[in-house]
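Presented below is the structure to which this report refers.
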Amino acid sequence: MLEHALQVSPSDQPSRDDIEPTRPAPDWASHLARTLAPLAMTNGFSATHIDGVKLIASECSYPRTPLIYEPGLFIIAQGDKIGYLEDRVIHYGPGNYLVQAMPLPFECETLARPGAPLLGLSIDVDPLTLSELVHHLPTPADGNRRSPEPMAAVPLDATMAEAVQRLADCLSDESTSRALGAGRVREVLFAALNGPQGQSLRELVQQQGHYARIAESLNYLHRHFALPLTVEALAERANMSASHFHHHFKRVTQLSPVQYLKRLRLLRARVLLGQQRVNVARAAVDVGYRSTSQFSREYKRYFGVSPSQE
């Protein structure tokens, strides 16, 4: 899906993470870009012969726009992506990759140059596969545990680069993809589990602590976002008090539960409207709004355009 423009005040710039864009592309990135270029037939995310693996392509740049990624790994071989998560700016381009452990609403900017389209891969994080792989890993010592972040860009080392290239090499042939694809995906996930943000993926399947409880709450929200939901009910499901749930939810997602649900509903509505499946009133109802006028006001406030203009 092509990203739409959203006007953002240049004076309201959040602090930047350490990883900067526009650095020279490493050799592995150039090789990966050459492998992916013949496969890039459309802009946006497109399916491949391997379940859970999508090609990312964009012939031109796009300014910041609100969106949400499902849990996954995002490897950019050419061009740059810049994510804006509240007060953080997260660059992921050649030389690093994005680990998205939880689905978080954020804003994303796409940078591509004439004659050099943005190219990359997204790889879904399957909980079952993740759980199987974690079972084979040693438990990290307490002193080596990092505080998990649900969304972060980390340096892409040689092990990860080689695993991603092997995965990309089989995408051009359907029979090879069917035969080897699942194993190549496991190899990439295993490399990510051993990488700098591996702990954020481990804790998703180890079902321990507040981080895992919030992850399960997000999964529930994504399945039932159109229902009338309360913080108290979500906290009860997570076996936490309402105050503790609110605190840990905001600590993980940077949003309160109410803010998160509102953004999730608006993003889902934008998909419905973009696909021209429903009118504005029906979209409002389908995502859980009882008032079309309230939906329209909040939609315009978030996206910068009214839903009828989509």
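How things are named: the first chain in the structure tokens is A, the next is B, and so on; residues count from 1 in each chain; ligands count from 1 in the order shown.
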
Sorted per-residue table, range 62-115 of chain A near range 217-220 of chain A, closest atoms and distance, 9 Å, only C-alpha atoms, as CSV:
```
residue,atom,partner,partner_atom,distance
A:Met102,CA,A:Leu218,CA,7.6
A:Pro103,CA,A:Leu218,CA,7.3
A:Leu104,CA,A:Leu218,CA,8.9
```

Could the residues in this selection be saved with N, CA, C and O atoms as a PDB file, in the first residue's frame?
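And here's again-v4.pdb as it stands now:
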```pdb
ATOM      1  N   MET A 102       6.564  -5.794  18.591  1.00  0.00           N
ATOM      2  CA  MET A 102       5.142  -5.585  18.860  1.00  0.00           C
ATOM      3  C   MET A 102       4.574  -4.628  17.824  1.00  0.00           C
ATOM      4  O   MET A 102       5.289  -3.774  17.305  1.00  0.00           O
ATOM      5  N   PRO A 103       3.279  -4.718  17.528  1.00  0.00           N
ATOM      6  CA  PRO A 103       2.672  -3.786  16.573  1.00  0.00           C
ATOM      7  C   PRO A 103       2.458  -2.413  17.205  1.00  0.00           C
ATOM      8  O   PRO A 103       1.633  -2.263  18.102  1.00  0.00           O
ATOM      9  N   LEU A 104       3.206  -1.420  16.766  1.00  0.00           N
ATOM     10  CA  LEU A 104       3.124  -0.080  17.341  1.00  0.00           C
ATOM     11  C   LEU A 104       2.768   0.941  16.272  1.00  0.00           C
ATOM     12  O   LEU A 104       3.403   0.984  15.218  1.00  0.00           O
TER      13      LEU A 104
END
```

Using only C-alpha atoms, I'd like a table of the residues in range 201-256 of chain A that come within 12 Å of range 182-193 of chain A; for each, show the closest atom pair and its distance in Å rounded to one decimal, ordered by chain and ascending number, as a Markdown table.
```
| residue | atom | partner | partner_atom | distance |
| --- | --- | --- | --- | --- |
| A:Leu201 | CA | A:Leu193 | CA | 6.6 |
| A:Arg202 | CA | A:Leu193 | CA | 7.0 |
| A:Glu203 | CA | A:Leu193 | CA | 10.5 |
| A:Leu204 | CA | A:Leu193 | CA | 11.4 |
| A:Val205 | CA | A:Leu193 | CA | 11.7 |
```

Taking the backbone alone, and naming residues the way the document does, which bits of range 47-140 of chain A are strand (DSSP E or B) by DSSP, as a PyMOL selection string? chain A and resi 47+53-58+62-68+72-78+80-85+88-92+96-100+105-111+113+116+118-124

Dump of N, CA and C atoms for the selected residues, as a compact mmCIF listing (two decimals), in the first residue's frame:
```txt
# COMPACT_ATOMS: atom_id res chain seq x y z
N ALA A 47 3.71 -9.72 -1.86
CA ALA A 47 3.95 -11.08 -1.41
C ALA A 47 5.00 -11.77 -2.27
N VAL A 53 7.05 -13.62 4.01
CA VAL A 53 8.14 -12.82 3.46
C VAL A 53 7.59 -11.92 2.36
N LYS A 54 7.82 -10.62 2.49
CA LYS A 54 7.32 -9.65 1.50
C LYS A 54 8.47 -8.82 0.96
N LEU A 55 8.32 -8.43 -0.28
CA LEU A 55 9.28 -7.52 -0.91
C LEU A 55 8.82 -6.09 -0.65
N ILE A 56 9.76 -5.23 -0.30
CA ILE A 56 9.48 -3.82 -0.08
C ILE A 56 10.12 -3.03 -1.23
N ALA A 57 9.32 -2.19 -1.88
CA ALA A 57 9.87 -1.41 -3.00
C ALA A 57 9.16 -0.06 -3.08
N SER A 58 9.91 0.96 -3.46
CA SER A 58 9.33 2.28 -3.68
C SER A 58 10.22 3.05 -4.65
N TYR A 62 8.53 9.30 0.11
CA TYR A 62 7.24 9.68 0.68
C TYR A 62 7.49 10.35 2.03
N PRO A 63 6.78 11.43 2.31
CA PRO A 63 6.95 12.10 3.61
C PRO A 63 6.32 11.28 4.73
N ARG A 64 6.46 11.78 5.95
CA ARG A 64 5.95 11.08 7.13
C ARG A 64 4.46 10.80 7.02
N THR A 65 4.09 9.59 7.37
CA THR A 65 2.69 9.21 7.38
C THR A 65 2.45 8.19 8.49
N PRO A 66 1.33 8.24 9.16
CA PRO A 66 1.05 7.26 10.21
C PRO A 66 0.80 5.88 9.61
N LEU A 67 1.32 4.87 10.26
CA LEU A 67 1.07 3.49 9.85
C LEU A 67 1.37 2.57 11.02
N ILE A 68 1.23 1.27 10.78
CA ILE A 68 1.53 0.29 11.82
C ILE A 68 2.10 -0.94 11.15
N GLY A 72 7.78 -8.12 13.04
CA GLY A 72 8.61 -8.63 11.95
C GLY A 72 9.99 -8.01 11.95
N LEU A 73 10.79 -8.46 10.98
CA LEU A 73 12.10 -7.89 10.72
C LEU A 73 12.04 -7.17 9.39
N PHE A 74 12.67 -5.99 9.31
CA PHE A 74 12.61 -5.17 8.11
C PHE A 74 14.03 -4.82 7.70
N ILE A 75 14.45 -5.37 6.56
CA ILE A 75 15.82 -5.20 6.07
C ILE A 75 15.77 -4.37 4.79
N ILE A 76 16.41 -3.22 4.79
CA ILE A 76 16.45 -2.34 3.63
C ILE A 76 17.83 -2.44 2.98
N ALA A 77 17.85 -2.82 1.70
CA ALA A 77 19.11 -2.96 0.97
C ALA A 77 19.50 -1.69 0.24
N GLN A 78 18.51 -0.89 -0.15
CA GLN A 78 18.76 0.33 -0.93
C GLN A 78 17.71 1.35 -0.57
N ASP A 80 16.31 4.41 2.22
CA ASP A 80 16.24 4.52 3.68
C ASP A 80 14.80 4.65 4.14
N LYS A 81 14.55 4.17 5.35
CA LYS A 81 13.29 4.39 6.05
C LYS A 81 13.61 5.10 7.36
N ILE A 82 12.76 6.03 7.75
CA ILE A 82 12.91 6.72 9.03
C ILE A 82 11.60 6.60 9.78
N GLY A 83 11.65 5.97 10.94
CA GLY A 83 10.46 5.82 11.77
C GLY A 83 10.44 6.85 12.88
N TYR A 84 9.27 7.39 13.16
CA TYR A 84 9.09 8.38 14.22
C TYR A 84 8.15 7.78 15.25
N LEU A 85 8.69 7.42 16.41
CA LEU A 85 7.92 6.82 17.48
C LEU A 85 7.97 7.76 18.67
N ARG A 88 11.26 9.46 19.64
CA ARG A 88 12.41 8.78 19.03
C ARG A 88 12.34 8.88 17.51
N VAL A 89 13.54 8.90 16.89
CA VAL A 89 13.65 8.81 15.44
C VAL A 89 14.51 7.60 15.15
N ILE A 90 13.98 6.66 14.37
CA ILE A 90 14.63 5.36 14.17
C ILE A 90 14.95 5.19 12.69
N HIS A 91 16.23 5.14 12.35
CA HIS A 91 16.65 4.96 10.96
C HIS A 91 16.91 3.49 10.69
N TYR A 92 16.36 2.99 9.61
CA TYR A 92 16.72 1.65 9.17
C TYR A 92 16.90 1.65 7.66
N ASN A 96 21.78 -1.62 8.78
CA ASN A 96 21.03 -1.96 9.99
C ASN A 96 19.68 -2.53 9.59
N TYR A 97 18.95 -3.07 10.55
CA TYR A 97 17.63 -3.60 10.27
C TYR A 97 16.70 -3.31 11.44
N LEU A 98 15.43 -3.26 11.15
CA LEU A 98 14.44 -2.94 12.17
C LEU A 98 13.87 -4.22 12.77
N VAL A 99 13.87 -4.28 14.09
CA VAL A 99 13.22 -5.36 14.82
C VAL A 99 11.92 -4.82 15.39
N GLN A 100 10.80 -5.30 14.88
CA GLN A 100 9.48 -4.86 15.33
C GLN A 100 8.89 -6.03 16.11
N PRO A 105 1.76 1.78 16.51
CA PRO A 105 1.51 2.89 15.58
C PRO A 105 2.68 3.87 15.61
N PHE A 106 3.18 4.24 14.45
CA PHE A 106 4.25 5.22 14.37
C PHE A 106 4.12 5.94 13.03
N GLU A 107 5.03 6.86 12.76
CA GLU A 107 5.05 7.55 11.48
C GLU A 107 6.31 7.14 10.74
N CYS A 108 6.20 7.02 9.43
CA CYS A 108 7.32 6.52 8.64
C CYS A 108 7.56 7.41 7.42
N GLU A 109 8.83 7.68 7.17
CA GLU A 109 9.25 8.45 6.01
C GLU A 109 10.10 7.55 5.11
N THR A 110 9.85 7.60 3.81
CA THR A 110 10.58 6.78 2.84
C THR A 110 11.50 7.67 2.01
N LEU A 111 12.76 7.27 1.89
CA LEU A 111 13.74 8.02 1.11
C LEU A 111 14.27 7.15 -0.02
N ARG A 113 16.10 7.50 -4.20
CA ARG A 113 16.75 8.41 -5.15
C ARG A 113 16.35 8.03 -6.57
N ALA A 116 17.36 4.73 -8.28
CA ALA A 116 17.76 3.81 -7.21
C ALA A 116 16.61 3.65 -6.23
N LEU A 118 13.92 2.39 -3.42
CA LEU A 118 14.05 1.70 -2.15
C LEU A 118 13.73 0.22 -2.35
N LEU A 119 14.57 -0.66 -1.82
CA LEU A 119 14.39 -2.10 -1.96
C LEU A 119 14.70 -2.77 -0.63
N GLY A 120 13.89 -3.75 -0.27
CA GLY A 120 14.15 -4.47 0.97
C GLY A 120 13.22 -5.65 1.14
N LEU A 121 13.29 -6.26 2.31
CA LEU A 121 12.46 -7.41 2.65
C LEU A 121 11.84 -7.20 4.02
N SER A 122 10.62 -7.71 4.19
CA SER A 122 10.03 -7.82 5.52
C SER A 122 9.78 -9.29 5.79
N ILE A 123 10.05 -9.70 7.02
CA ILE A 123 9.91 -11.09 7.41
C ILE A 123 9.08 -11.16 8.67
N ASP A 124 7.92 -11.78 8.60
CA ASP A 124 7.04 -11.88 9.75
C ASP A 124 7.70 -12.67 10.87
```

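The space separating CA of Pro127 in chain A from CA of Ala161 in chain A comes to 22.4 Å.
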
Determine which residues of range 61-201 of chain A receive a DSSP assignment of helix (DSSP H, G or I), computed from the backbone, and state them as a PDB file with C-alpha atoms, in the first residue's frame.
```
ATOM      1  CA  PRO A 127       5.436 -16.973  17.482  1.00  0.00           C
ATOM      2  CA  LEU A 128       5.517 -20.751  17.015  1.00  0.00           C
ATOM      3  CA  THR A 129       8.763 -20.675  15.021  1.00  0.00           C
ATOM      4  CA  LEU A 130      10.213 -18.178  17.481  1.00  0.00           C
ATOM      5  CA  SER A 131       9.319 -20.432  20.415  1.00  0.00           C
ATOM      6  CA  GLU A 132      10.974 -23.448  18.777  1.00  0.00           C
ATOM      7  CA  LEU A 133      14.164 -21.494  18.122  1.00  0.00           C
ATOM      8  CA  VAL A 134      14.306 -19.983  21.611  1.00  0.00           C
ATOM      9  CA  HIS A 135      14.135 -23.508  23.021  1.00  0.00           C
ATOM     10  CA  ASP A 142      21.223 -11.765  34.146  1.00  0.00           C
ATOM     11  CA  GLY A 143      24.115  -9.380  33.614  1.00  0.00           C
ATOM     12  CA  ASN A 144      23.771  -9.741  29.832  1.00  0.00           C
ATOM     13  CA  ALA A 158      27.823 -10.604   8.730  1.00  0.00           C
ATOM     14  CA  THR A 159      25.824 -13.570  10.068  1.00  0.00           C
ATOM     15  CA  MET A 160      22.504 -11.799   9.542  1.00  0.00           C
ATOM     16  CA  ALA A 161      23.576 -10.455   6.124  1.00  0.00           C
ATOM     17  CA  GLU A 162      24.490 -13.944   4.916  1.00  0.00           C
ATOM     18  CA  ALA A 163      21.211 -15.406   6.181  1.00  0.00           C
ATOM     19  CA  VAL A 164      19.142 -12.677   4.499  1.00  0.00           C
ATOM     20  CA  GLN A 165      21.030 -13.110   1.213  1.00  0.00           C
ATOM     21  CA  ARG A 166      20.399 -16.871   1.224  1.00  0.00           C
ATOM     22  CA  LEU A 167      16.711 -16.171   1.765  1.00  0.00           C
ATOM     23  CA  ALA A 168      16.641 -13.632  -1.081  1.00  0.00           C
ATOM     24  CA  ASP A 169      18.478 -16.003  -3.422  1.00  0.00           C
ATOM     25  CA  GLU A 174       8.875 -20.815  -6.818  1.00  0.00           C
ATOM     26  CA  SER A 175       9.991 -24.424  -6.420  1.00  0.00           C
ATOM     27  CA  THR A 176      13.148 -23.367  -4.590  1.00  0.00           C
ATOM     28  CA  SER A 177      11.104 -21.076  -2.372  1.00  0.00           C
ATOM     29  CA  ARG A 178       8.684 -23.882  -1.493  1.00  0.00           C
ATOM     30  CA  ALA A 179      11.488 -26.334  -0.765  1.00  0.00           C
ATOM     31  CA  LEU A 180      13.947 -24.115   1.119  1.00  0.00           C
ATOM     32  CA  GLY A 181      12.066 -20.965   2.101  1.00  0.00           C
ATOM     33  CA  ALA A 182      10.871 -21.992   5.564  1.00  0.00           C
ATOM     34  CA  GLY A 183      14.365 -23.090   6.534  1.00  0.00           C
ATOM     35  CA  ARG A 184      15.895 -19.853   5.261  1.00  0.00           C
ATOM     36  CA  VAL A 185      13.364 -17.833   7.286  1.00  0.00           C
ATOM     37  CA  ARG A 186      14.247 -19.823  10.426  1.00  0.00           C
ATOM     38  CA  GLU A 187      17.911 -19.037   9.798  1.00  0.00           C
ATOM     39  CA  VAL A 188      17.187 -15.279   9.652  1.00  0.00           C
ATOM     40  CA  LEU A 189      15.042 -15.399  12.799  1.00  0.00           C
ATOM     41  CA  PHE A 190      17.740 -17.355  14.606  1.00  0.00           C
ATOM     42  CA  ALA A 191      20.303 -14.710  13.670  1.00  0.00           C
ATOM     43  CA  ALA A 192      17.956 -11.985  14.965  1.00  0.00           C
ATOM     44  CA  LEU A 193      17.492 -13.873  18.250  1.00  0.00           C
ATOM     45  CA  GLY A 198      17.176 -10.742  20.512  1.00  0.00           C
ATOM     46  CA  GLN A 199      15.890 -10.303  24.053  1.00  0.00           C
ATOM     47  CA  SER A 200      12.879  -8.337  22.807  1.00  0.00           C
ATOM     48  CA  LEU A 201      11.930 -11.366  20.674  1.00  0.00           C
TER      49      LEU A 201
END
```

For a test of reading the model, state the distance in Å between CA of Ala283 in chain A and CA of Ala269 in chain A, rounded to one decimal.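 Separation between CA of Ala283 in chain A and CA of Ala269 in chain A: 5.6 Å.
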
Between A:Ala33, A:Asp286, A:Tyr69, A:Leu272, which residue has the minimum interatomic distance to Pro117 in chain A, considering only C-alpha atoms? A:Ala33

For range 258-260 of chain A: contacts at 9 Å, only C-alpha atoms, fewer than 2 positions along chain excluded, given as a list of chain:residue names: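 Those residues are A:Leu104, A:Pro105, A:Thr230, A:Val231, A:Thr253, A:Gln254, A:Leu255, A:Ser256, A:Lys262, A:Arg263, A:Leu264, A:Arg265.
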
Any chance you can output those residues with N, CA and C atoms as a PDB file, in the first residue's frame?
```pdb
ATOM      1  N   LEU A 104       3.206  -1.420  16.766  1.00  0.00           N
ATOM      2  CA  LEU A 104       3.124  -0.080  17.341  1.00  0.00           C
ATOM      3  C   LEU A 104       2.768   0.941  16.272  1.00  0.00           C
ATOM      4  N   PRO A 105       1.765   1.784  16.510  1.00  0.00           N
ATOM      5  CA  PRO A 105       1.509   2.892  15.578  1.00  0.00           C
ATOM      6  C   PRO A 105       2.681   3.869  15.611  1.00  0.00           C
ATOM      7  N   THR A 230     -12.437  -1.553  27.672  1.00  0.00           N
ATOM      8  CA  THR A 230     -12.054  -0.652  28.758  1.00  0.00           C
ATOM      9  C   THR A 230     -10.679  -1.041  29.277  1.00  0.00           C
ATOM     10  N   VAL A 231     -10.011  -0.071  29.883  1.00  0.00           N
ATOM     11  CA  VAL A 231      -8.707  -0.340  30.479  1.00  0.00           C
ATOM     12  C   VAL A 231      -8.838  -1.385  31.579  1.00  0.00           C
ATOM     13  N   THR A 253       4.615   0.895  24.856  1.00  0.00           N
ATOM     14  CA  THR A 253       4.116   1.378  23.567  1.00  0.00           C
ATOM     15  C   THR A 253       4.284   2.876  23.354  1.00  0.00           C
ATOM     16  N   GLN A 254       4.624   3.629  24.416  1.00  0.00           N
ATOM     17  CA  GLN A 254       4.712   5.093  24.371  1.00  0.00           C
ATOM     18  C   GLN A 254       3.327   5.747  24.277  1.00  0.00           C
ATOM     19  N   LEU A 255       2.267   4.948  24.387  1.00  0.00           N
ATOM     20  CA  LEU A 255       0.903   5.457  24.320  1.00  0.00           C
ATOM     21  C   LEU A 255       0.083   4.877  25.467  1.00  0.00           C
ATOM     22  N   SER A 256      -0.939   5.610  25.885  1.00  0.00           N
ATOM     23  CA  SER A 256      -1.883   5.034  26.838  1.00  0.00           C
ATOM     24  C   SER A 256      -2.745   4.007  26.112  1.00  0.00           C
ATOM     25  N   LYS A 262      -7.379   4.097  19.867  1.00  0.00           N
ATOM     26  CA  LYS A 262      -7.875   5.102  18.929  1.00  0.00           C
ATOM     27  C   LYS A 262      -7.051   5.096  17.645  1.00  0.00           C
ATOM     28  N   ARG A 263      -5.722   5.067  17.762  1.00  0.00           N
ATOM     29  CA  ARG A 263      -4.872   5.067  16.569  1.00  0.00           C
ATOM     30  C   ARG A 263      -5.048   3.777  15.764  1.00  0.00           C
ATOM     31  N   LEU A 264      -5.177   2.666  16.462  1.00  0.00           N
ATOM     32  CA  LEU A 264      -5.383   1.396  15.768  1.00  0.00           C
ATOM     33  C   LEU A 264      -6.675   1.435  14.965  1.00  0.00           C
ATOM     34  N   ARG A 265      -7.752   1.925  15.554  1.00  0.00           N
ATOM     35  CA  ARG A 265      -9.035   2.009  14.850  1.00  0.00           C
ATOM     36  C   ARG A 265      -8.937   2.919  13.626  1.00  0.00           C
TER      37      ARG A 265
END
```

Nearest-residue call for Arg277 in chain A, choices A:Pro148, A:Glu310, A:Thr292, A:Pro114, using only C-alpha atoms: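 Closest to Arg277 in chain A, using only C-alpha atoms: A:Glu310.
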
Quick one: everything within 9 Å of Leu266 in chain A, counting only C-alpha atoms, minus sequence neighbours fewer than 3 positions away in the same chain. Send it as a PyMOL selection string. chain A and resi 261-263+269-271+284+287+295+298-299+302-303

Same residues, all heavy atoms, output as a tab-separated table (two decimals), in the first residue's frame:
```tsv
chain	number	residue	atom	x	y	z
A	261	LEU	N	-5.65	2.36	21.20
A	261	LEU	CA	-6.86	1.83	20.57
A	261	LEU	C	-7.41	2.81	19.55
A	261	LEU	O	-7.84	2.41	18.45
A	261	LEU	CB	-7.91	1.53	21.64
A	261	LEU	CG	-9.25	0.97	21.14
A	261	LEU	CD1	-9.05	-0.32	20.36
A	261	LEU	CD2	-10.20	0.75	22.32
A	262	LYS	N	-7.38	4.10	19.87
A	262	LYS	CA	-7.88	5.10	18.93
A	262	LYS	C	-7.05	5.10	17.64
A	262	LYS	O	-7.61	5.09	16.54
A	262	LYS	CB	-7.84	6.49	19.57
A	262	LYS	CG	-8.36	7.60	18.67
A	262	LYS	CD	-8.17	8.97	19.30
A	262	LYS	CE	-9.00	9.12	20.55
A	262	LYS	NZ	-8.89	10.50	21.11
A	263	ARG	N	-5.72	5.07	17.76
A	263	ARG	CA	-4.87	5.07	16.57
A	263	ARG	C	-5.05	3.78	15.76
A	263	ARG	O	-5.07	3.81	14.53
A	263	ARG	CB	-3.40	5.25	16.97
A	263	ARG	CG	-3.12	6.63	17.54
A	263	ARG	CD	-1.65	6.89	17.68
A	263	ARG	NE	-1.41	8.18	18.33
A	263	ARG	CZ	-0.22	8.71	18.53
A	263	ARG	NH1	0.87	8.07	18.09
A	263	ARG	NH2	-0.08	9.87	19.14
A	269	ALA	N	-9.39	1.87	9.73
A	269	ALA	CA	-10.39	2.55	8.90
A	269	ALA	C	-9.76	3.08	7.62
A	269	ALA	O	-10.37	3.03	6.55
A	269	ALA	CB	-11.02	3.70	9.69
A	270	ARG	N	-8.53	3.57	7.73
A	270	ARG	CA	-7.88	4.10	6.53
A	270	ARG	C	-7.65	3.01	5.49
A	270	ARG	O	-7.75	3.25	4.29
A	270	ARG	CB	-6.55	4.75	6.89
A	270	ARG	CG	-6.03	5.67	5.80
A	270	ARG	CD	-4.72	6.30	6.17
A	270	ARG	NE	-4.55	7.54	5.42
A	270	ARG	CZ	-3.40	8.19	5.30
A	270	ARG	NH1	-2.32	7.72	5.89
A	270	ARG	NH2	-3.31	9.31	4.63
A	271	VAL	N	-7.34	1.81	5.95
A	271	VAL	CA	-7.19	0.69	5.02
A	271	VAL	C	-8.51	0.41	4.32
A	271	VAL	O	-8.56	0.22	3.10
A	271	VAL	CB	-6.69	-0.56	5.78
A	271	VAL	CG1	-6.72	-1.78	4.85
A	271	VAL	CG2	-5.28	-0.34	6.30
A	284	ALA	N	-16.59	3.88	10.00
A	284	ALA	CA	-16.62	4.27	11.41
A	284	ALA	C	-17.20	3.14	12.26
A	284	ALA	O	-16.65	2.78	13.30
A	284	ALA	CB	-17.44	5.54	11.58
A	287	VAL	N	-14.92	-0.11	12.62
A	287	VAL	CA	-13.74	-0.06	13.50
A	287	VAL	C	-14.08	0.30	14.94
A	287	VAL	O	-13.19	0.47	15.77
A	287	VAL	CB	-12.68	0.93	12.95
A	287	VAL	CG1	-12.21	0.51	11.58
A	287	VAL	CG2	-13.19	2.36	12.95
A	295	PHE	N	-15.75	10.26	14.59
A	295	PHE	CA	-14.78	9.53	13.76
A	295	PHE	C	-14.13	10.47	12.75
A	295	PHE	O	-12.91	10.48	12.59
A	295	PHE	CB	-15.48	8.38	13.05
A	295	PHE	CG	-14.66	7.76	11.94
A	295	PHE	CD1	-13.56	6.97	12.21
A	295	PHE	CD2	-15.00	8.00	10.61
A	295	PHE	CE1	-12.81	6.41	11.18
A	295	PHE	CE2	-14.25	7.44	9.57
A	295	PHE	CZ	-13.16	6.64	9.86
A	298	GLU	N	-11.66	12.96	14.47
A	298	GLU	CA	-10.42	12.34	14.92
A	298	GLU	C	-9.58	11.86	13.75
A	298	GLU	O	-8.34	11.89	13.80
A	298	GLU	CB	-10.74	11.20	15.89
A	298	GLU	CG	-11.36	11.70	17.19
A	298	GLU	CD	-11.63	10.58	18.18
A	298	GLU	OE1	-11.48	9.40	17.83
A	298	GLU	OE2	-12.02	10.92	19.33
A	299	TYR	N	-10.23	11.42	12.70
A	299	TYR	CA	-9.52	10.98	11.49
A	299	TYR	C	-8.76	12.16	10.88
A	299	TYR	O	-7.56	12.03	10.55
A	299	TYR	CB	-10.53	10.42	10.49
A	299	TYR	CG	-9.92	9.69	9.32
A	299	TYR	CD1	-9.87	8.30	9.29
A	299	TYR	CD2	-9.39	10.37	8.23
A	299	TYR	CE1	-9.32	7.61	8.22
A	299	TYR	CE2	-8.83	9.70	7.15
A	299	TYR	CZ	-8.81	8.32	7.16
A	299	TYR	OH	-8.26	7.64	6.10
A	302	TYR	N	-5.74	13.20	12.95
A	302	TYR	CA	-4.61	12.27	12.91
A	302	TYR	C	-3.92	12.23	11.55
A	302	TYR	O	-2.69	12.26	11.46
A	302	TYR	CB	-5.10	10.87	13.29
A	302	TYR	CG	-4.01	9.84	13.49
A	302	TYR	CD1	-2.81	10.17	14.14
A	302	TYR	CD2	-4.17	8.54	13.05
A	302	TYR	CE1	-1.81	9.23	14.33
A	302	TYR	CE2	-3.18	7.58	13.24
A	302	TYR	CZ	-2.01	7.93	13.88
A	302	TYR	OH	-1.02	6.99	14.07
A	303	PHE	N	-4.71	12.20	10.47
A	303	PHE	CA	-4.13	12.03	9.14
A	303	PHE	C	-3.97	13.34	8.37
A	303	PHE	O	-3.31	13.37	7.34
A	303	PHE	CB	-4.99	11.08	8.31
A	303	PHE	CG	-4.98	9.66	8.80
A	303	PHE	CD1	-6.12	9.07	9.30
A	303	PHE	CD2	-3.82	8.90	8.76
A	303	PHE	CE1	-6.12	7.76	9.76
A	303	PHE	CE2	-3.79	7.60	9.21
A	303	PHE	CZ	-4.95	7.03	9.72
```

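With CA of Phe249 in chain A on one side and CA of Ala235 in chain A on the other, the separation reads 9.7 Å.
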
Closest to Asn239 in chain A among A:Ala212, A:Val278, A:Leu227, A:Met151, using only C-alpha atoms? A:Ala212
